[in-house]
>>> print(open('entry_9.pdb').read())   # PDB, C-alpha atoms
ATOM      1  CA  MET A  30      93.518  -2.654-260.009
ATOM      2  CA  ARG A  31      91.541  -5.289-261.868
ATOM      3  CA  VAL A  32      92.757  -8.888-261.705
ATOM      4  CA  THR A  33      93.473 -10.747-264.936
ATOM      5  CA  THR A  34      90.699 -12.784-266.510
ATOM      6  CA  ASP A  35      92.757 -15.937-266.058
ATOM      7  CA  PHE A  36      93.033 -15.292-262.306
ATOM      8  CA  TRP A  37      89.341 -14.334-261.986
ATOM      9  CA  VAL A  38      88.129 -17.456-263.814
ATOM     10  CA  SER A  39      90.457 -19.693-261.774
ATOM     11  CA  ALA A  40      89.097 -18.208-258.545
ATOM     12  CA  LEU A  41      85.486 -18.682-259.686
ATOM     13  CA  VAL A  42      86.119 -22.313-260.677
ATOM     14  CA  ARG A  43      87.695 -23.011-257.280
ATOM     15  CA  ARG A  44      84.762 -21.399-255.446
ATOM     16  CA  ILE A  45      82.307 -23.522-257.421
ATOM     17  CA  PHE A  46      84.194 -26.765-256.708
ATOM     18  CA  ALA A  47      84.546 -25.842-253.017
ATOM     19  CA  ASP A  48      80.776 -25.330-252.926
ATOM     20  CA  GLY A  49      80.084 -28.818-254.290
ATOM     21  CA  GLY A  50      79.496 -27.764-257.879
ATOM     22  CA  PHE A  51      81.303 -28.421-261.149
ATOM     23  CA  ALA A  52      82.946 -26.029-263.605
ATOM     24  CA  ALA A  53      84.902 -26.524-266.804
ATOM     25  CA  ILE A  54      86.654 -24.030-269.023
ATOM     26  CA  VAL A  55      85.212 -24.718-272.476
ATOM     27  CA  LYS A  56      87.181 -21.979-274.227
ATOM     28  CA  ARG A  57      90.198 -20.156-272.860
ATOM     29  CA  GLY A  58      90.520 -16.578-274.106
ATOM     30  CA  ALA A  59      92.948 -13.746-273.538
ATOM     31  CA  THR A  60      94.797 -14.103-270.238
ATOM     32  CA  GLU A  61      94.690 -10.457-269.264
ATOM     33  CA  ALA A  62      91.346  -9.118-270.417
ATOM     34  CA  GLY A  63      89.156 -11.622-272.233
ATOM     35  CA  ALA A  64      85.386 -11.329-271.861
ATOM     36  CA  VAL A  65      83.814 -14.123-269.778
ATOM     37  CA  PHE A  66      80.636 -16.012-270.639
ATOM     38  CA  LEU A  67      79.164 -18.428-268.100
ATOM     39  CA  ILE A  68      76.917 -21.289-269.223
ATOM     40  CA  VAL A  69      74.999 -22.351-266.132
ATOM     41  CA  ARG A  70      73.248 -25.707-266.228
ATOM     42  CA  ASP A  71      70.865 -26.686-263.495
ATOM     43  CA  ARG A  72      70.244 -30.245-262.361
ATOM     44  CA  LEU A  73      67.005 -30.396-264.365
ATOM     45  CA  GLY A  74      68.713 -29.592-267.665
ATOM     46  CA  GLY A  75      67.896 -25.885-267.795
ATOM     47  CA  VAL A  76      70.503 -23.557-269.289
ATOM     48  CA  THR A  77      71.202 -19.894-268.532
ATOM     49  CA  LEU A  78      73.916 -17.763-270.096
ATOM     50  CA  PHE A  79      75.609 -14.872-268.328
ATOM     51  CA  GLY A  80      77.826 -12.545-270.331
ATOM     52  CA  PRO A  81      79.684  -9.305-269.786
ATOM     53  CA  ALA A  82      77.564  -6.238-269.160
ATOM     54  CA  PRO A  83      78.014  -3.218-271.438
ATOM     55  CA  GLN A  84      80.616  -0.632-270.460
ATOM     56  CA  THR A  85      77.835   1.747-269.426
ATOM     57  CA  SER A  86      77.121  -0.590-266.492
ATOM     58  CA  TYR A  87      80.437   0.146-264.835
ATOM     59  CA  ASP A  88      80.490   2.560-261.948
ATOM     60  CA  ALA A  89      83.351   4.815-260.878
ATOM     61  CA  ALA A  90      82.797   3.569-257.308
ATOM     62  CA  LYS A  91      83.547  -0.050-258.355
ATOM     63  CA  PRO A  92      85.762   0.153-261.450
ATOM     64  CA  ASP A  93      87.383  -3.228-260.837
ATOM     65  CA  GLU A  94      84.222  -5.347-260.610
ATOM     66  CA  ARG A  95      83.103  -7.586-263.463
ATOM     67  CA  PHE A  96      79.426  -7.079-264.178
ATOM     68  CA  PHE A  97      77.270  -9.680-265.925
ATOM     69  CA  LEU A  98      73.952  -9.725-267.753
ATOM     70  CA  ARG A  99      71.615 -12.699-268.024
ATOM     71  CA  HIS A 100      70.863 -13.687-271.615
ATOM     72  CA  ASP A 101      67.583 -15.492-272.112
ATOM     73  CA  LEU A 102      68.132 -18.031-274.874
ATOM     74  CA  ASP A 103      65.837 -20.796-276.001
ATOM     75  CA  GLY A 104      67.801 -24.079-275.952
ATOM     76  CA  ASP A 105      71.266 -25.320-276.774
ATOM     77  CA  THR A 106      71.101 -24.338-280.455
ATOM     78  CA  ALA A 107      70.424 -20.696-279.600
ATOM     79  CA  LEU A 108      73.207 -20.828-277.015
ATOM     80  CA  GLU A 109      75.709 -22.251-279.517
ATOM     81  CA  ASN A 110      74.694 -19.685-282.154
ATOM     82  CA  PHE A 111      75.044 -16.827-279.673
ATOM     83  CA  LEU A 112      78.518 -17.934-278.546
ATOM     84  CA  GLU A 113      79.641 -18.571-282.134
ATOM     85  CA  LYS A 114      78.589 -15.032-283.060
ATOM     86  CA  GLU A 115      80.413 -13.588-280.029
ATOM     87  CA  GLY A 116      83.498 -15.662-280.911
ATOM     88  CA  ARG A 117      83.548 -14.237-284.430
ATOM     89  CA  PHE A 118      83.308 -10.710-282.995
ATOM     90  CA  ASP A 119      85.954 -11.279-280.298
ATOM     91  CA  ARG A 120      88.291 -14.270-280.492
ATOM     92  CA  ASP A 121      89.547 -13.660-276.942
ATOM     93  CA  ILE A 122      86.369 -14.690-275.101
ATOM     94  CA  TRP A 123      86.292 -17.211-272.280
ATOM     95  CA  VAL A 124      83.464 -19.740-271.992
ATOM     96  CA  VAL A 125      83.005 -21.489-268.665
ATOM     97  CA  GLU A 126      80.343 -24.141-268.146
ATOM     98  CA  VAL A 127      79.035 -24.345-264.606
ATOM     99  CA  GLU A 128      76.794 -26.631-262.601
ATOM    100  CA  PRO A 129      76.479 -24.816-259.264
ATOM    101  CA  GLY A 130      76.644 -26.576-255.925
ATOM    102  CA  GLN A 131      74.825 -25.259-252.861
ATOM    103  CA  THR A 132      75.170 -21.569-253.803
ATOM    104  CA  ARG A 133      73.428 -20.017-256.783
ATOM    105  CA  ILE A 134      75.773 -18.531-259.383
ATOM    106  CA  GLU A 135      74.037 -15.159-258.963
ATOM    107  CA  SER A 136      75.607 -15.020-255.489
ATOM    108  CA  MET A 137      79.097 -15.563-256.921
ATOM    109  CA  ILE A 138      79.019 -12.921-259.656
ATOM    110  CA  VAL A 139      77.859  -9.305-259.820
ATOM    111  CA  LEU A 140      74.750  -8.779-261.961
ATOM    112  CA  SER A 141      74.304  -5.458-263.698
ATOM    113  CA  ASP A 142      71.143  -3.531-263.037
ATOM    114  CA  LYS A 143      71.363  -1.758-266.393
TER     115      LYS A 143
END
>>> encode(input="entry_9.pdb", output="structure tokens")
Amino acid sequence: MRVTTDFWVSALVRRIFADGGFAAIVKRGATEAGAVFLIVRDRLGGVTLFGPAPQTSYDAAKPDERFFLRHDLDGDTALENFLEKEGRFDRDIWVVEVEPGQTRIESMIVLSDK
């Protein structure tokens, strides 16, 4: 059974704070099943976006996991344009901005290999 998006995001935010990082929910989407986008800012000003992996990434062995893909975007304008486009396509998205603590965000989420 997959946990709700609201629960999953709350757990991620708590893990990040417990690890000495910072997280803020920029846009709250659908409680049960909204897609999650993570804006990760490093301490040098770099930005990386992680978004939901396509459905083909999901495996019958782990049907409840949330898989993410890294999106390589060039700057804040490209990031804003990308999220605006996604928001027009799906109004139920979540956007969480993260500044990780001691642990890299890649260790807190599951990256898709597809």
>>> residues_around(input="entry_9.pdb", residues="stretch 113-128 of chain A", least_positions_apart="5", cutoff="8 Å", atoms="only C-alpha atoms", output="ChimeraX atom specification")
/A:45,50-59,63-72
>>> atom_distance(input="entry_9.pdb", atom1="atom CA of A:Pro83", atom2="atom CA of A:Gly130")
28.1 Å
>>> resolve_selection(input="entry_9.pdb", expression="the PyMOL selection byres ((chain A and resi 41) around 10)", output="list in words")
Phe36, Trp37, Val38, Ser39, Ala40, Val42, Arg43, Arg44, Ile45, Phe46, Ala47, Ala52, Val125, Val127, Ile134, Met137 and Ile138 of chain A
>>> write_last_selection(input="entry_9.pdb", atoms="C-alpha atoms", output="mmCIF file, keeping the file's coordinate frame")
data_model
loop_
_atom_site.group_PDB
_atom_site.id
_atom_site.type_symbol
_atom_site.label_atom_id
_atom_site.label_comp_id
_atom_site.auth_asym_id
_atom_site.auth_seq_id
_atom_site.Cartn_x
_atom_site.Cartn_y
_atom_site.Cartn_z
ATOM 1 C CA PHE A 36 93.033 -15.292 -262.306
ATOM 2 C CA TRP A 37 89.341 -14.334 -261.986
ATOM 3 C CA VAL A 38 88.129 -17.456 -263.814
ATOM 4 C CA SER A 39 90.457 -19.693 -261.774
ATOM 5 C CA ALA A 40 89.097 -18.208 -258.545
ATOM 6 C CA VAL A 42 86.119 -22.313 -260.677
ATOM 7 C CA ARG A 43 87.695 -23.011 -257.280
ATOM 8 C CA ARG A 44 84.762 -21.399 -255.446
ATOM 9 C CA ILE A 45 82.307 -23.522 -257.421
ATOM 10 C CA PHE A 46 84.194 -26.765 -256.708
ATOM 11 C CA ALA A 47 84.546 -25.842 -253.017
ATOM 12 C CA ALA A 52 82.946 -26.029 -263.605
ATOM 13 C CA VAL A 125 83.005 -21.489 -268.665
ATOM 14 C CA VAL A 127 79.035 -24.345 -264.606
ATOM 15 C CA ILE A 134 75.773 -18.531 -259.383
ATOM 16 C CA MET A 137 79.097 -15.563 -256.921
ATOM 17 C CA ILE A 138 79.019 -12.921 -259.656
#
>>> resolve_selection(input="entry_9.pdb", expression="the PyMOL selection byres ((chain A and resi 81) around 6)", output="PDB file with C-alpha atoms, in the coordinates of the input")
ATOM      1  CA  GLY A  80      77.826 -12.545-270.331  1.00  0.00           C
ATOM      2  CA  ALA A  82      77.564  -6.238-269.160  1.00  0.00           C
ATOM      3  CA  PHE A  97      77.270  -9.680-265.925  1.00  0.00           C
TER       4      PHE A  97
END
>>> closest_residue(input="entry_9.pdb", among="A:Arg99, A:Leu140, A:Arg133, A:Asp105", to="A:Leu78", atoms="only C-alpha atoms")
A:Arg99
>>> closest_residue(input="entry_9.pdb", among="A:Val139, A:Ala62, A:Leu102, A:Ala107", to="A:Asp35", atoms="only C-alpha atoms")
A:Ala62
>>> atom_distance(input="entry_9.pdb", atom1="atom CA of A:Asp48", atom2="atom CA of A:Thr60")
24.9 Å
>>> atom_distance(input="entry_9.pdb", atom1="atom CA of A:Gly104", atom2="atom CA of A:Thr34")
27.2 Å
>>> decode(input="entry_9.pdb", residues="stretch 56-75 of chain A", atoms="N, CA and C atoms", output="mmCIF file, in the first residue's frame")
data_model
loop_
_atom_site.group_PDB
_atom_site.id
_atom_site.type_symbol
_atom_site.label_atom_id
_atom_site.label_comp_id
_atom_site.auth_asym_id
_atom_site.auth_seq_id
_atom_site.Cartn_x
_atom_site.Cartn_y
_atom_site.Cartn_z
ATOM 1 N N LYS A 56 4.570 24.543 -3.019
ATOM 2 C CA LYS A 56 3.216 24.348 -3.548
ATOM 3 C C LYS A 56 2.693 23.017 -3.040
ATOM 4 N N ARG A 57 1.534 23.074 -2.418
ATOM 5 C CA ARG A 57 0.896 21.865 -1.888
ATOM 6 C C ARG A 57 -0.112 21.384 -2.920
ATOM 7 N N GLY A 58 0.023 20.121 -3.331
ATOM 8 C CA GLY A 58 -0.865 19.547 -4.333
ATOM 9 C C GLY A 58 -1.901 18.641 -3.718
ATOM 10 N N ALA A 59 -2.315 17.654 -4.487
ATOM 11 C CA ALA A 59 -3.329 16.703 -4.035
ATOM 12 C C ALA A 59 -2.801 15.883 -2.868
ATOM 13 N N THR A 60 -3.595 15.759 -1.840
ATOM 14 C CA THR A 60 -3.191 15.059 -0.612
ATOM 15 C C THR A 60 -2.876 13.594 -0.865
ATOM 16 N N GLU A 61 -3.684 12.931 -1.643
ATOM 17 C CA GLU A 61 -3.534 11.495 -1.810
ATOM 18 C C GLU A 61 -2.484 11.100 -2.836
ATOM 19 N N ALA A 62 -2.458 11.766 -3.980
ATOM 20 C CA ALA A 62 -1.621 11.249 -5.064
ATOM 21 C C ALA A 62 -1.001 12.311 -5.951
ATOM 22 N N GLY A 63 -0.672 13.459 -5.424
ATOM 23 C CA GLY A 63 -0.043 14.487 -6.244
ATOM 24 C C GLY A 63 1.400 14.130 -6.581
ATOM 25 N N ALA A 64 1.836 14.520 -7.766
ATOM 26 C CA ALA A 64 3.226 14.306 -8.173
ATOM 27 C C ALA A 64 4.128 15.268 -7.396
ATOM 28 N N VAL A 65 5.332 14.806 -7.032
ATOM 29 C CA VAL A 65 6.247 15.601 -6.221
ATOM 30 C C VAL A 65 7.457 16.029 -7.044
ATOM 31 N N PHE A 66 7.758 17.323 -6.988
ATOM 32 C CA PHE A 66 8.964 17.872 -7.589
ATOM 33 C C PHE A 66 9.820 18.452 -6.477
ATOM 34 N N LEU A 67 11.095 18.120 -6.479
ATOM 35 C CA LEU A 67 12.029 18.595 -5.461
ATOM 36 C C LEU A 67 13.034 19.546 -6.095
ATOM 37 N N ILE A 68 13.064 20.784 -5.618
ATOM 38 C CA ILE A 68 14.079 21.754 -6.024
ATOM 39 C C ILE A 68 15.172 21.674 -4.977
ATOM 40 N N VAL A 69 16.348 21.250 -5.374
ATOM 41 C CA VAL A 69 17.450 21.078 -4.430
ATOM 42 C C VAL A 69 18.484 22.158 -4.687
ATOM 43 N N ARG A 70 18.713 22.975 -3.678
ATOM 44 C CA ARG A 70 19.705 24.050 -3.782
ATOM 45 C C ARG A 70 20.902 23.691 -2.918
ATOM 46 N N ASP A 71 22.073 23.796 -3.525
ATOM 47 C CA ASP A 71 23.271 23.535 -2.723
ATOM 48 C C ASP A 71 23.765 24.836 -2.110
ATOM 49 N N ARG A 72 24.738 24.745 -1.268
ATOM 50 C CA ARG A 72 25.225 25.920 -0.526
ATOM 51 C C ARG A 72 25.995 26.905 -1.405
ATOM 52 N N LEU A 73 26.308 26.489 -2.637
ATOM 53 C CA LEU A 73 27.008 27.376 -3.565
ATOM 54 C C LEU A 73 26.061 28.012 -4.574
ATOM 55 N N GLY A 74 24.759 27.781 -4.412
ATOM 56 C CA GLY A 74 23.775 28.396 -5.288
ATOM 57 C C GLY A 74 23.333 27.529 -6.448
ATOM 58 N N GLY A 75 23.887 26.337 -6.573
ATOM 59 C CA GLY A 75 23.478 25.437 -7.650
ATOM 60 C C GLY A 75 22.075 24.898 -7.406
#
